[in-house]
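Chemist: For reference, the structure I am asking about is given below.
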Amino acid sequence: MPGHSAFYFDGPRALFVGDALCTLNPVTHRRGPQVMPRVMNESHAQALESLAALERVDADLALPGHGEPWGDGVAEAVRQARAAA
């Protein structure tokens, strides 16, 4: 998705996902892994497609730009974000 970057940190096995995935919706305040609200994405479909790139990273910790760190693995965060969409 234009403008998104993710950074992997090998030592702590952490992936900074920025706004590609959040654990706190800044509009509704819903908690848990999800993509940013539709009004904040250029393309909601592309935001969901971008999750596939994150899912391939074997990291234990997801660090979103909004919300608390997610410690149950990036793949599980992606699974829950897709389910929430």
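By convention in this document, the chains of the structure tokens carry letters A, B, ... by their order, each chain's residues are numbered from 1, and ligands are numbered from 1 in the order they are shown.
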From a DSSP pass on the backbone, collect the residues of chain A flagged as strand (DSSP E) and hand them back as a list of chain:residue names.

Modeler: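 In chain A, DSSP puts these residues in strand (DSSP E): A:Phe7, A:Tyr8, A:Phe9, A:Ala14, A:Leu15, A:Phe16, A:Val17, A:Gly18, A:Cys22, A:Thr23, A:Leu24, A:Arg31, A:Gly32, A:Pro33, A:Gln34, A:Leu61, A:Ala62, A:Leu63, A:Pro64.
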
Chemist: Residues at most 12 Å from Asp10 of chain A, counting only C-alpha atoms, excluding those fewer than 3 positions away in the same chain, as a count of residues only?

Modeler: 10

Chemist: I want to know what sits within 9 Å of Pro26 of chain A, based on only C-alpha atoms, with residues of the same chain fewer than 2 positions away left out; could you give that as an MDAnalysis selection string?

Modeler: chainID A and resid 22 24 28:30 36:37 66:67

Chemist: Report as a count of residues only: the residues of segment 27-58 of chain A with a DSSP assignment of helix (DSSP H, G or I), based on the backbone of this structure.

Modeler: 15

Chemist: A:Asn25, A:Ala52, A:Pro64, A:Ala81: which is nearest Val39 of chain A, counting only C-alpha atoms?

Modeler: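 Going through A:Asn25, A:Ala52, A:Pro64, A:Ala81 one by one, the smallest distance to Val39 of chain A is for A:Asn25.
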
Chemist: To one decimal place, how far is atom CA of Gln46 of chain A from atom CA of Asp19 of chain A in Å?

Modeler: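 So the answer is 12.9 Å.
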
Chemist: For a quick check of understanding, using only C-alpha atoms, which of A:Ala62, A:Ala83, A:Met40, A:Pro12 has the smallest distance to Val27 of chain A?

Modeler: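 Counting only C-alpha atoms, the residue closest to Val27 of chain A is A:Met40.
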
Chemist: Return the single residue from A:Pro69, A:Asn41, A:Val17, A:Gln80 that is closest to Leu54 of chain A, with distances computed using only C-alpha atoms.

Modeler: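 Smallest distance to Leu54 of chain A is found for A:Val17.
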
Chemist: Calculated over only C-alpha atoms, which of the candidates A:Ala6, A:Gly11, A:Ser43, A:Gly32 has the smallest distance to Glu68 of chain A?

Modeler: A:Gly32

Chemist: For Glu49 of chain A, list every protein, DNA or RNA residue within 12 Å, evaluated using only C-alpha atoms, and leave out those in the same chain fewer than 2 positions away; present the list as a PyMOL selection string.

Modeler: chain A and resi 1+20-21+35+43-47+51-55+78+81-82+85

Chemist: Give me a file of those residues, with C-alpha atoms, as a PDB file, in the first residue's frame.

Modeler:
```pdb
ATOM      1  CA  MET A   1       0.000   0.000   0.000  1.00  0.00           C
ATOM      2  CA  ALA A  20      -0.793  -1.391   8.089  1.00  0.00           C
ATOM      3  CA  LEU A  21      -2.397  -3.017  11.134  1.00  0.00           C
ATOM      4  CA  VAL A  35      -6.786  -2.737   9.584  1.00  0.00           C
ATOM      5  CA  SER A  43      -8.119   1.566  -0.516  1.00  0.00           C
ATOM      6  CA  HIS A  44      -9.671  -0.794   2.016  1.00  0.00           C
ATOM      7  CA  ALA A  45      -9.172  -3.722  -0.380  1.00  0.00           C
ATOM      8  CA  GLN A  46      -5.478  -2.899  -0.739  1.00  0.00           C
ATOM      9  CA  ALA A  47      -5.131  -2.582   3.036  1.00  0.00           C
ATOM     10  CA  LEU A  51      -1.735  -8.155   5.303  1.00  0.00           C
ATOM     11  CA  ALA A  52      -0.325 -11.018   3.202  1.00  0.00           C
ATOM     12  CA  ALA A  53       3.118  -9.379   3.204  1.00  0.00           C
ATOM     13  CA  LEU A  54       3.041  -9.054   6.996  1.00  0.00           C
ATOM     14  CA  GLU A  55       1.803 -12.608   7.440  1.00  0.00           C
ATOM     15  CA  VAL A  78      -3.259 -10.921  10.591  1.00  0.00           C
ATOM     16  CA  ALA A  81      -7.521  -8.492  11.403  1.00  0.00           C
ATOM     17  CA  ARG A  82      -8.992 -10.363   8.435  1.00  0.00           C
ATOM     18  CA  ALA A  85     -12.794  -6.848   8.418  1.00  0.00           C
TER      19      ALA A  85
END
```

Chemist: To one decimal place in Å, what is the distance between atom CA of Ala77 of chain A and atom CA of Gln34 of chain A?

Modeler: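 One can read the atom CA of Ala77 of chain A to atom CA of Gln34 of chain A distance as 7.8 Å.
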
Chemist: Calculated over only C-alpha atoms, which of the candidates A:Arg56, A:Leu63, A:Arg38, A:Ser50 has the smallest distance to Phe9 of chain A?

Modeler: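 Using only C-alpha atoms, Phe9 of chain A sits closest to A:Leu63.
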